[in-house]
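A.B. asks: The structure under discussion is supplied below as structure tokens; questions concerning it will follow.
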Amino acid sequence: MPGLGTTVGRGGATTALTSLADSDAIMIMGSSMAEQHPVGFQWVMEARERGGKVIHVDPRFTRTSASADIWAPVRAGTDILFLGGLIHYAIEHDKWFKDYVLTYTNASTILREDYRDTEDLDGLFSGWDAEKKEYSPDTWLYEGSEKKRHPSQPAPGHHPADGGHGKDRGGEAGNTHQYTTDPTLQNPRCVFQVLKRHFSRYTPEMVEQGCGMPKHVFLEVAEAFTSASGPDKTAAICYAVGWTHHSTGVQIIRSAAILQLLLGNMGRPGGGILALRGHASIQGSTDIPTLYDILPGYLAMPFFEDDSTSLSKYIDKHSDKAGVWAHFDAYIISLLKSWYGDAATAENEWGFQWMPRVTGDHSELGYWLDMADGKMEGLFVMGQNPAVGAPNGRLQRSAMQNLKWMVVRDMVETETASFWLDSPEVKRGELVPETIATEVFLMPAAGQAEKNGSFTNTQRLVQWHNKAVDPPGDSRSETWFMYHLGRRIKEKAAREPGPKNIAINNLTWSYPTEGAIAEPVAEAILAEINGCHWDTKMHIKTYDELKPDGSTACGCWIYAGLMPAPDKNLPNTRESHDSLGHGWGFAWPKDTRILYNRASAKPDGTPWSERKKLIWWDPAAGEKGKWVGEDVSDFKPDMPPDYKGDPNKRGLEALSGDQPFTLHPDGRGWLFVTSGLKDGPLPTHFEPLESLVHNPVYPSEQTNPPAHKKERPDNPYAKSPDDPRFPYVLTTYRLTEHHTAGGMSRGLSHLAELQPELFTEISPELAAMCGVKHGEWVTIYSPRGLLSAKALVTGRMAPLKVNGKMVHQVGLPYHWGWKGITTGDVVNDLLAISESPNVRIMESKALVCNLIPGRRKQGPAALKELNKLLKERT
Amino acid sequence: MSEKMGNFEVQPGKKTAFFTDSTTCIGCKACEVACKEWNGLEADGYNFSGFSYDNTVGLGASTWRHVKFVEDTPIPGLGGNSPDHNSWEFSSDVCKHCEVAGCLEACPTGALVRTEFGGVFLQPDICNGCAYCVISCPFGVVQKNEEDGRAFKCTFCTDRQKVGLEPACAKACPTQSIQFGVLETMEEKAADRLAVLQDRGMADAQIYNPTHTSVKGIHALFLIRGEPETYNLPPNPEVPTIYLRDGWKSAARDGFLLLAGVAAAFMAARSGRKDGIHV
Amino acid sequence: MIKELLSKWPVYQQIKNRSNGNGSESWSERTRTLQPKTAGADVARSICPYCAVGCGQMIYHKEGKLISIEGDPHSPISRGHLCPKGANTFQLHTAPNRLEKVKYRKPYGTDWEELPLEQAMDMIADRLWESRDNSFVESKEGRAVMNTTKVAHLGGATLDNEENYLIKKLFSGGLGLVCVSNQARI
């Protein structure tokens with residue numbers, strides 16, 4: 001989220017899949033889109049058939065590379081180096097889109113005199129606290145921006161317990177609507193000059209040396225991509241977890257967003273950045289989050305700090321004067337109203353004091369380590385399988401024995417549910433069922449065909465699925481489970497009134513139910529999410545109607561308008577009437593399909609070109625002119641292009657008519673981010689936490705300085721760089737034929753037969769070096785564990801020449817576990833638990849390993865082998 | 001049903017065909033799964049073959065669509081769409097629904113028939129499991145299910161076509177690599193596509209439709225790059241009964257020649273299959 | 001007799017009639033009246049549960065039973081297509097490994113037991129209430145905390161928005177659970 005969020009304002013994909021068909025070039029990186037999103041890939045194929053160039057940058061030659069025009073091999077974990085190379089190329093070769101950059105980005109904004117770049121401090125930015133391993137972002141502010149925070153509090157977006165999803169990102173540390181510019185871009189302290197200097201090391205030679213990508217290939221990609229941008233052309237970038245699963249993940253996405261701003265591709269048809277999400281509603285599960293650090297609509301959870309002692313302080317902290325976030329108060333108060341109903345009043349701060357405070361790292365990996373340390377009692381797992389899907393599987397599974405109780409909800413018996421019964425630890429004799437106290441409830445869950453509800457897809461499109469049949473036996477939807485669990489809990493709480501139970505006692509929880517199983521009516525919940533005027537119960541039509549006075553309720557402000565009337569469930573509309581799919585579903589916000597689309601027109605409101613028009617200003621439309629065209633405008637619909645922002649006003653009217661990025665207080669896309677990113681205002685190449693290579697860009701800073709390694713005896717690391725015991729790079733991925741941790745594919749015959757066994761992809765050169773034969777067993781190990789897989793020896797896994805040395809990469813798809821029709825070792829047992837500084841994600845795409853021919857030992861003997869290897873390694 | 005169910009509507013009285021364009025295939029195997037889902041087919045087994053990403057290995061009694069994977073060594077800078085180099089090819093194979101069908105000619109029970117759409121349909125309620133069709137197919141498509149005892153192959157989704165629906169594989173195919181429609185239209189599409197690809201410099205592109213042999217054309221056209229053998233497609237498939245045409249005299253002699261001819265064709269088709277992964 | 005048998009032999013027909021195959025005279029009754037299994041079924045409009053492309057699905061069902069799940073050609077995103085996983089959604093719902101009963105493992109148990117659903121719900125409510133009760137912190141240093149860090153939730157990216165909404169609302173907004181997490185990060 002913060003990669004895109006800090007740069008352009010929202011963390012969601014900026015464009016729509018269908019718009020890819022209009023691209024003149026598409027770069028897919030950190031994704032094998034043809035494999036993981038095959039149906040979405042039809043739009044890439046359509047662009048290709050229309051003459052667009054398809055570029056795939058990936059360590060492996062995949063099915064995506066096989067459909068691309070250019071395959072650019074890259075060493076896993078060097079994404080920023082490559083993208084920085086493209087930024088460098090665009091600037092050096094004058095490929096950047098000047099008219100766009102000058103008006104629509106903060107290129108001309110002057111930075112503070114005391115800002116120091118990595119170029120000055122050899123890999124560090126100013127503000128680094130070596131002891132705390134944290135940055136203070138004070139020196140990153142615009143010149144003239146006032147610092148907003150209280151001196152004793154962490155800067156917004158820089159709280160040590162942050163999870164990176166909240167509104168706490170992108171510059172709340174200062175009043176960024178106050179700034180000065182140099183439109184000539186000559187001032188050495190203007191963002192453009194700082195950017196140019198920051199990326200000056202990212203030359204084609206550096207890319208070749210660090211990424212292992214031949215220089216001529218890099219230049220071919222650079223020329224193809226940057227030439228496909230400008231007034232008459234647009235290029236798009238698609239990414240997935242191949243970018244996010246790194247200790248620098250957020251900054252990789254930042255690099256791409258900077259490139260797209262420089263080339264003028266944001267907000268335009270065929271342009272933008274398409275985040276390819278891997279689960280049906282992964283976008284939805286951050287919009288309406290089951291995450292610790294945010295509330296629905298990316299409102300920050302209150303933290304245990306002075307700023308959250310009163311609602312007004314909390315609102316002050318998170319509001320901006322200009323732009324969409326000026327109305328933060330209306331969004332949060334409407335949410336509180338929606339949760340606490342009539343009990344929420346102005347006198348009790350709408351129930352703000354009843355809400356829990358974040359007191360630490362409550363992210364999945366954070367609390368799982370607490371679980372390993374015996375600090376947790378209970379756990380609900382719903383539709384996730386961490387015993388297979390989470391890093392350091394041995395630690396993950398062993399930690400669950402410290403729980404008093406656990407509830408797993410799934411359609412099948414997952415490895416997580418049965419960790420105590422038949423896990424590798426049980427087979428090795430490390431865990432003994434008779435000594436594990438954990439009580440486990442495995443609850444059968446309904447599938448999507450058996451329930452009503454909505455998913456939010458990869459392009460922010462909310463789509464409704466209608467129930468076809470009843471769920472079998474005792475299986476139930478999560479809606480049913482939560483509603484009926486809540487009903488029971490509320491009965492208990494009602495018997496114990498008092499301050500401790502004030503929130504649960506005041507929580508609104510009356511949903512109509514239907515049918516023999518008393519299934520809650522999902523549309524009633526959708527209506528609550530949409531919101532209403534509290535007195536009349538009239539549905540909210542857009543979030544502009546929300547008020548900070550308790551007169552409106554809204555469960556998720558960005559979703560407001562998806563059910564504008566009781567009989568209008570827009571996610572369930574299925575009459576698409578244009579190429580962007582309007583009439584089919586509802587894309588937040590306000591059914592906008594391409595975000596920041598004001599940028600699809602010139603500053604004067606006319607399209608950049610006939611070929612690339614999307615929305616434009618029509619002075620004759622409406623009363624005094626209107627933005628019209630093929631999409632809902634992501635801009636004040638009646639604000640003329642020549643409107644000058646009024647500094648005395650709040651919200652959108654404080655911005656000007658040529659400022660498309662309305663989530664930012666200066667209305668511009670941020671090449672430079674003033675706060676909210678814990679590892680710096682500009683992306684910088686660092687090596688993965690485990691690497692074979694010395695950082696070629698900044699030799700004195702090997703890894704991302706504020707990354708959390710969580711190193712401990714049960715989560716050990718290789719020495720990095722150059723641990724002779726682990727001479728190869730390991731990267732993990734998915735296959736088309738399976739789904740994530742396998743719960744939805746491994747037990748199904750039609751999918752299981754297509755990829756029936758765990759295999760590893762290695763090059764013929766590496767196979768020869770290690771004595772591994774095609775089709776035979778190989779054992780792969782890391783400092784955390786070992787596994788066996790069948791060897792698929794293939795030229796698609798080419799070794800790369802890095803800094804004059806051959807680097808071999810080992811590929812492992814991670815779908816297998818010990819349940820289902822086809823079983824196999826758990827690949828994530830090799831990974832370390834680590835947390836990227838911004839969003840606390842692990843690094844699964846680049847680490848180190850070793851391999852030996854033959855199969856690992858089975859049963860109790862496996863423990864001996866594992867211990868021997870672990871001992872050798874420490 | 002008022003809702004449109006598919007992307008192609010079969011017109012009564014028109015002959016239909018598949019057109020499978022390997023240059024837009026992404027090797028996802030949606031066709032294999034959609035076929036198995038629609039027809040309720042079993043898995044073939046759960047064996048890691050080592051042949052690239054192909055683990056179902058070939059068409060069979062319970063695999064009526066099969067994606068072939070052909071690997072070559074990639075070259076940095078060249079994607080698989082490059083005209084110069086073809087690094088990883090995918091092509092979805094299926095029953096050819098021959099104009100002159102060896103299986104149909106060999107069937108002694110009338111289980112194999114030609115449908116109103118021009119496809120060759122194996123009637124499971126008639127088949128007695130003699131397997132003459134198995135050895136008579138010049139493409140090695142028809143296979144016997146040893147447990148069930150009967151022979152099986154692609155039905156051309158005749159059940160779907162009867163109500164105007166395209167076959168399940170063609171409908172699912174994410175990139176429209178498998179197209180389906182009126183035979184003449186598919187032939188035109190294939191010719192147009194070939195012209196486009198040749199124009200892009202893909203000199204090795206060709207249409208596979210053996211009209212020049214006794215098979216006299218097929219209802220499953222393919223557009224491929226490189227040689228047909230690479231995709232298990234025999235360059236000169238012959239209907240075994242061509243050896244019988246001129247000498248329809250005694251059943252014994254016919255039977256002998258039939259078997260010999262079929263065996264030869266079968267061996268020829270099988271040998272193409274060894275051409276798997278290049279490592 | 002022999003002639004009758006011969007007449008059924010396609011090759012005989014073909015040679016005799018100089019046609020390229022069997023005509024409708026060889027169609028069985030089944031073949032003649034062949035209908036797709038979806039004939040007469042109802043359709044529910046749905047969305048694929050696998051990745052986030054969000055392909056449209058049409059779910060054919062008859063008398064409370066699923067018949068077939070295939071792509072929805074009206075979807076502007078998927079145009080009726082599905083990938084192998086999406087094309088397998090029928091099997092996802094109907095495979096024999098599907099759970100239909102609550103499975104319960106008591107402390108130190110060595111195998112699963114079955115539990116009635118309502119009893120399981122009561123037990124879960126009791127466990128949740130007790131753990132929260134034991135660990136809830138109302139305030140610290142005179143400031144509101146109102147949380148518990150002892151009970152956690154994991155999962156959400158495969159669930160509906162409405163489900164996630166209830167989870168966040170009840171667990172965080174009602175009970176003060178802060179350890180709420182799912183697959184989604186960036």
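Naming scheme: A, B, ... for chains in displayed order of the structure tokens; residues 1 onward per chain; ligands 1 onward as shown.
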Please identify all residues of chain A having at least one atom at most 6 Å from any atom of chain B, considering only C-alpha atoms, and return them as an mmCIF file with N, CA and C atoms, in the first residue's frame.
C.D. replies:
data_model
loop_
_atom_site.group_PDB
_atom_site.id
_atom_site.type_symbol
_atom_site.label_atom_id
_atom_site.label_comp_id
_atom_site.auth_asym_id
_atom_site.auth_seq_id
_atom_site.Cartn_x
_atom_site.Cartn_y
_atom_site.Cartn_z
ATOM 1 N N VAL A 39 -6.427 -14.973 -16.984
ATOM 2 C CA VAL A 39 -7.554 -14.335 -17.667
ATOM 3 C C VAL A 39 -7.318 -12.820 -17.765
ATOM 4 N N GLN A 42 -5.205 -11.807 -20.827
ATOM 5 C CA GLN A 42 -5.756 -11.668 -22.187
ATOM 6 C C GLN A 42 -5.668 -10.226 -22.665
ATOM 7 N N SER A 65 7.178 -14.913 -19.865
ATOM 8 C CA SER A 65 8.282 -14.577 -20.781
ATOM 9 C C SER A 65 8.014 -15.175 -22.156
ATOM 10 N N ALA A 66 7.400 -16.356 -22.141
ATOM 11 C CA ALA A 66 7.147 -17.062 -23.399
ATOM 12 C C ALA A 66 6.109 -16.352 -24.259
ATOM 13 N N SER A 67 5.371 -15.434 -23.662
ATOM 14 C CA SER A 67 4.390 -14.668 -24.433
ATOM 15 C C SER A 67 4.832 -13.229 -24.637
ATOM 16 N N ALA A 68 6.015 -12.905 -24.143
ATOM 17 C CA ALA A 68 6.487 -11.523 -24.202
ATOM 18 C C ALA A 68 7.348 -11.291 -25.438
ATOM 19 N N ASP A 69 7.576 -10.016 -25.739
ATOM 20 C CA ASP A 69 8.503 -9.688 -26.821
ATOM 21 C C ASP A 69 9.943 -9.689 -26.325
ATOM 22 N N ILE A 70 10.112 -9.214 -25.094
ATOM 23 C CA ILE A 70 11.464 -9.157 -24.535
ATOM 24 C C ILE A 70 11.458 -9.843 -23.172
ATOM 25 N N TRP A 71 12.384 -10.742 -22.963
ATOM 26 C CA TRP A 71 12.608 -11.291 -21.618
ATOM 27 C C TRP A 71 13.938 -10.759 -21.113
ATOM 28 N N ALA A 72 13.873 -10.073 -19.973
ATOM 29 C CA ALA A 72 15.084 -9.517 -19.384
ATOM 30 C C ALA A 72 15.378 -10.248 -18.082
ATOM 31 N N VAL A 217 20.541 -5.846 -23.304
ATOM 32 C CA VAL A 217 19.145 -6.186 -22.992
ATOM 33 C C VAL A 217 18.512 -5.061 -22.182
ATOM 34 N N SER A 749 -8.672 -33.250 -7.871
ATOM 35 C CA SER A 749 -7.978 -34.122 -8.824
ATOM 36 C C SER A 749 -7.608 -33.395 -10.116
ATOM 37 N N HIS A 750 -8.489 -32.536 -10.607
ATOM 38 C CA HIS A 750 -8.231 -31.907 -11.908
ATOM 39 C C HIS A 750 -7.047 -30.946 -11.867
ATOM 40 N N GLU A 753 -3.433 -33.265 -10.648
ATOM 41 C CA GLU A 753 -2.751 -34.080 -11.659
ATOM 42 C C GLU A 753 -1.872 -33.221 -12.575
ATOM 43 N N LEU A 754 -2.180 -31.937 -12.661
ATOM 44 C CA LEU A 754 -1.436 -31.084 -13.591
ATOM 45 C C LEU A 754 -0.050 -30.739 -13.059
ATOM 46 N N PRO A 756 1.696 -32.529 -10.017
ATOM 47 C CA PRO A 756 1.463 -33.484 -8.935
ATOM 48 C C PRO A 756 2.550 -33.553 -7.876
ATOM 49 N N GLU A 757 3.633 -32.823 -8.043
ATOM 50 C CA GLU A 757 4.713 -33.027 -7.098
ATOM 51 C C GLU A 757 5.551 -31.757 -6.952
ATOM 52 N N GLY A 775 14.761 -35.027 -13.084
ATOM 53 C CA GLY A 775 13.717 -35.971 -12.682
ATOM 54 C C GLY A 775 14.002 -36.702 -11.379
ATOM 55 N N THR A 794 16.374 -27.198 -16.349
ATOM 56 C CA THR A 794 15.874 -26.468 -17.511
ATOM 57 C C THR A 794 16.710 -25.231 -17.811
ATOM 58 N N GLY A 795 16.881 -24.982 -19.079
ATOM 59 C CA GLY A 795 17.591 -23.785 -19.534
ATOM 60 C C GLY A 795 16.834 -22.510 -19.237
#
A.B. asks: If you run DSSP on this backbone, which residues of chain C come out as alpha helix (DSSP H), and could you give them as a VMD selection string?
C.D. replies: chain C and resid 2 to 8 10 to 17 29 to 32 84 to 87 89 to 94 117 to 135 161 to 167
A.B. asks: Grab the residues selected above and save them as a JSON list (two decimals), in the first residue's frame with C-alpha atoms.
C.D. replies:
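So the final result, stored in out-v9.json, reads:
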[["chain", "number", "residue", "atom", "x", "y", "z"],
["C", 2, "ILE", "CA", -24.61, -60.38, -42.05],
["C", 3, "LYS", "CA", -25.87, -57.70, -44.30],
["C", 4, "GLU", "CA", -27.57, -56.04, -41.40],
["C", 5, "LEU", "CA", -24.39, -56.10, -39.35],
["C", 6, "LEU", "CA", -22.36, -54.91, -42.29],
["C", 7, "SER", "CA", -24.72, -52.04, -42.85],
["C", 8, "LYS", "CA", -23.87, -50.72, -39.42],
["C", 10, "PRO", "CA", -19.22, -47.23, -40.87],
["C", 11, "VAL", "CA", -16.60, -48.09, -43.42],
["C", 12, "TYR", "CA", -19.15, -50.08, -45.39],
["C", 13, "GLN", "CA", -21.52, -47.13, -45.26],
["C", 14, "GLN", "CA", -18.82, -44.79, -46.29],
["C", 15, "ILE", "CA", -17.68, -46.79, -49.23],
["C", 16, "LYS", "CA", -21.18, -47.66, -50.29],
["C", 17, "ASN", "CA", -22.53, -44.14, -50.04],
["C", 29, "GLU", "CA", -31.68, -42.43, -29.03],
["C", 30, "ARG", "CA", -29.33, -40.94, -26.46],
["C", 31, "THR", "CA", -27.34, -39.16, -29.14],
["C", 32, "ARG", "CA", -30.46, -37.91, -30.87],
["C", 84, "PRO", "CA", -7.64, -23.84, -14.80],
["C", 85, "LYS", "CA", -8.37, -22.99, -11.17],
["C", 86, "GLY", "CA", -11.45, -20.94, -11.98],
["C", 87, "ALA", "CA", -12.61, -23.63, -14.38],
["C", 89, "THR", "CA", -14.67, -24.17, -9.11],
["C", 90, "PHE", "CA", -17.35, -26.88, -9.35],
["C", 91, "GLN", "CA", -14.89, -29.44, -8.04],
["C", 92, "LEU", "CA", -13.78, -27.01, -5.32],
["C", 93, "HIS", "CA", -17.31, -27.14, -3.95],
["C", 94, "THR", "CA", -18.06, -30.81, -4.52],
["C", 117, "LEU", "CA", -22.31, -27.08, 15.39],
["C", 118, "GLU", "CA", -24.26, -25.22, 18.06],
["C", 119, "GLN", "CA", -22.24, -26.79, 20.84],
["C", 120, "ALA", "CA", -19.03, -25.82, 19.10],
["C", 121, "MET", "CA", -20.28, -22.24, 18.75],
["C", 122, "ASP", "CA", -21.08, -22.08, 22.46],
["C", 123, "MET", "CA", -17.67, -23.46, 23.37],
["C", 124, "ILE", "CA", -15.87, -21.02, 21.08],
["C", 125, "ALA", "CA", -17.82, -18.10, 22.54],
["C", 126, "ASP", "CA", -16.83, -19.27, 26.02],
["C", 127, "ARG", "CA", -13.14, -19.58, 25.14],
["C", 128, "LEU", "CA", -13.06, -16.19, 23.45],
["C", 129, "TRP", "CA", -14.86, -14.50, 26.31],
["C", 130, "GLU", "CA", -12.67, -16.05, 28.96],
["C", 131, "SER", "CA", -9.36, -15.33, 27.23],
["C", 132, "ARG", "CA", -10.38, -11.77, 26.59],
["C", 133, "ASP", "CA", -11.60, -11.39, 30.14],
["C", 134, "ASN", "CA", -8.25, -12.64, 31.50],
["C", 135, "SER", "CA", -6.16, -10.36, 29.40],
["C", 161, "ASN", "CA", -16.04, -7.70, 2.32],
["C", 162, "GLU", "CA", -19.10, -8.21, 4.47],
["C", 163, "GLU", "CA", -17.31, -10.96, 6.40],
["C", 164, "ASN", "CA", -14.20, -8.88, 6.94],
["C", 165, "TYR", "CA", -16.40, -6.04, 8.06],
["C", 166, "LEU", "CA", -18.02, -8.15, 10.75],
["C", 167, "ILE", "CA", -14.64, -9.56, 11.85]]
A.B. asks: Counting only C-alpha atoms, what is within 7 Å of stretch 562-566 of chain A, bar same-chain residues fewer than 6 positions away, as a list in words?
C.D. replies: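 Listing them by chain and then by number gives Ala527, Asn530, His539, Ile540, Lys541 and Phe586 of chain A.
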A.B. asks: Could you jot down the atom CA of C:Gly156 to atom CA of A:Met482 separation for me, Å, one decimal place?
C.D. replies: 12.7 Å
A.B. asks: Give me, as a PyMOL selection string, the residues of stretch 192-423 of chain A that a backbone DSSP run labels strand (DSSP E or B).
C.D. replies: chain A and resi 230+233+235-239+273-275+294-295+299-300+303+322+358+378-382+405-410
A.B. asks: Let's have the selection written as a CSV table (one decimal), in the first residue's frame, with N, CA and C atoms.
C.D. replies:
chain,number,residue,atom,x,y,z
A,230,GLY,N,4.4,9.3,-23.6
A,230,GLY,CA,4.4,10.7,-24.1
A,230,GLY,C,2.9,11.1,-24.4
A,233,LYS,N,1.3,8.3,-26.5
A,233,LYS,CA,1.5,6.9,-26.1
A,233,LYS,C,1.5,6.8,-24.6
A,235,ALA,N,2.4,3.7,-21.4
A,235,ALA,CA,3.0,2.3,-21.0
A,235,ALA,C,2.5,2.0,-19.6
A,236,ALA,N,2.3,0.7,-19.4
A,236,ALA,CA,1.8,0.3,-18.1
A,236,ALA,C,2.8,-0.7,-17.4
A,237,ILE,N,2.7,-0.7,-16.1
A,237,ILE,CA,3.5,-1.7,-15.3
A,237,ILE,C,2.6,-2.6,-14.5
A,238,CYS,N,2.9,-3.9,-14.6
A,238,CYS,CA,2.1,-4.8,-13.8
A,238,CYS,C,3.1,-5.5,-12.8
A,239,TYR,N,2.7,-5.6,-11.5
A,239,TYR,CA,3.5,-6.3,-10.6
A,239,TYR,C,2.6,-7.2,-9.6
A,273,ILE,N,-0.2,1.8,-13.0
A,273,ILE,CA,0.4,0.6,-12.4
A,273,ILE,C,-0.7,-0.3,-11.9
A,274,LEU,N,-0.6,-1.5,-12.4
A,274,LEU,CA,-1.6,-2.5,-12.0
A,274,LEU,C,-1.0,-3.5,-11.0
A,275,ALA,N,-1.5,-3.4,-9.8
A,275,ALA,CA,-1.0,-4.3,-8.7
A,275,ALA,C,-1.9,-5.6,-8.9
A,294,ILE,N,-5.1,-0.5,10.8
A,294,ILE,CA,-6.1,0.4,10.2
A,294,ILE,C,-7.5,0.0,10.4
A,295,LEU,N,-8.4,1.0,10.2
A,295,LEU,CA,-9.8,0.8,10.2
A,295,LEU,C,-10.3,0.9,8.8
A,299,LEU,N,-8.3,4.5,7.5
A,299,LEU,CA,-8.2,5.4,8.6
A,299,LEU,C,-7.3,4.6,9.6
A,300,ALA,N,-6.3,5.4,10.2
A,300,ALA,CA,-5.4,4.7,11.1
A,300,ALA,C,-6.1,4.3,12.4
A,303,PHE,N,-3.3,4.7,18.1
A,303,PHE,CA,-2.1,4.1,18.7
A,303,PHE,C,-2.1,4.6,20.2
A,322,ALA,N,-5.7,20.6,2.9
A,322,ALA,CA,-6.1,20.5,1.5
A,322,ALA,C,-6.3,19.1,1.0
A,358,VAL,N,-3.5,0.5,19.6
A,358,VAL,CA,-2.4,-0.3,19.1
A,358,VAL,C,-1.2,-0.1,20.1
A,378,GLY,N,-5.4,-17.5,22.4
A,378,GLY,CA,-6.4,-17.9,21.4
A,378,GLY,C,-6.1,-17.4,20.0
A,379,LEU,N,-6.6,-18.2,19.0
A,379,LEU,CA,-6.4,-17.8,17.6
A,379,LEU,C,-7.5,-18.2,16.8
A,380,PHE,N,-8.0,-17.3,15.9
A,380,PHE,CA,-8.9,-17.6,14.9
A,380,PHE,C,-8.2,-17.6,13.5
A,381,VAL,N,-8.3,-18.7,12.7
A,381,VAL,CA,-7.7,-18.7,11.4
A,381,VAL,C,-8.8,-18.9,10.4
A,382,MET,N,-9.1,-18.0,9.5
A,382,MET,CA,-10.2,-18.1,8.6
A,382,MET,C,-9.7,-17.9,7.2
A,405,TRP,N,-6.3,-22.4,22.8
A,405,TRP,CA,-7.3,-22.8,21.9
A,405,TRP,C,-7.1,-22.2,20.5
A,406,MET,N,-7.7,-22.8,19.5
A,406,MET,CA,-7.6,-22.3,18.2
A,406,MET,C,-8.8,-22.7,17.4
A,407,VAL,N,-9.3,-21.8,16.6
A,407,VAL,CA,-10.4,-22.0,15.7
A,407,VAL,C,-9.9,-21.9,14.3
A,408,VAL,N,-10.1,-23.0,13.5
A,408,VAL,CA,-9.7,-22.9,12.1
A,408,VAL,C,-11.0,-23.0,11.3
A,409,ARG,N,-11.2,-22.1,10.4
A,409,ARG,CA,-12.4,-22.2,9.5
A,409,ARG,C,-11.9,-22.3,8.1
A,410,ASP,N,-12.3,-23.4,7.4
A,410,ASP,CA,-11.9,-23.7,6.0
A,410,ASP,C,-12.8,-24.7,5.4
A.B. asks: May I have the residues of chain B within 8 Å of chain C, counting only C-alpha atoms, written as a PyMOL selection string?
C.D. replies: chain B and resi 1+4-7+28-34+37-38+99-101+104-116+123+125-126+158-160+162-163+171-174+245
A.B. asks: Have a look at atom CA of A:Gln396 and atom CA of A:Ala372 and let me know their distance in Å, one decimal.
C.D. replies: 7.7 Å
A.B. asks: For a test of reading the model, state the distance in Å between atom CA of A:Ser126 and atom CA of A:Pro681, rounded to one decimal.
C.D. replies: 10.1 Å
A.B. asks: Please identify all polymer residues within 8 Å of stretch 858-867 of chain A, counting only C-alpha atoms, omitting same-chain residues fewer than 5 positions from it, and present them as a short mmCIF file (atom, residue, chain, number, x, y, z; two decimals) with C-alpha atoms, in the first residue's frame.
C.D. replies:
data_model
loop_
_atom_site.label_atom_id
_atom_site.label_comp_id
_atom_site.auth_asym_id
_atom_site.auth_seq_id
_atom_site.Cartn_x
_atom_site.Cartn_y
_atom_site.Cartn_z
CA LYS A 427 6.72 -37.18 12.27
CA ARG A 428 10.19 -36.14 13.37
CA GLY A 429 9.20 -36.57 17.02
CA GLU A 430 9.65 -32.90 17.87
CA GLY A 785 15.22 -26.10 7.27
CA LEU A 786 15.53 -28.61 4.51
#
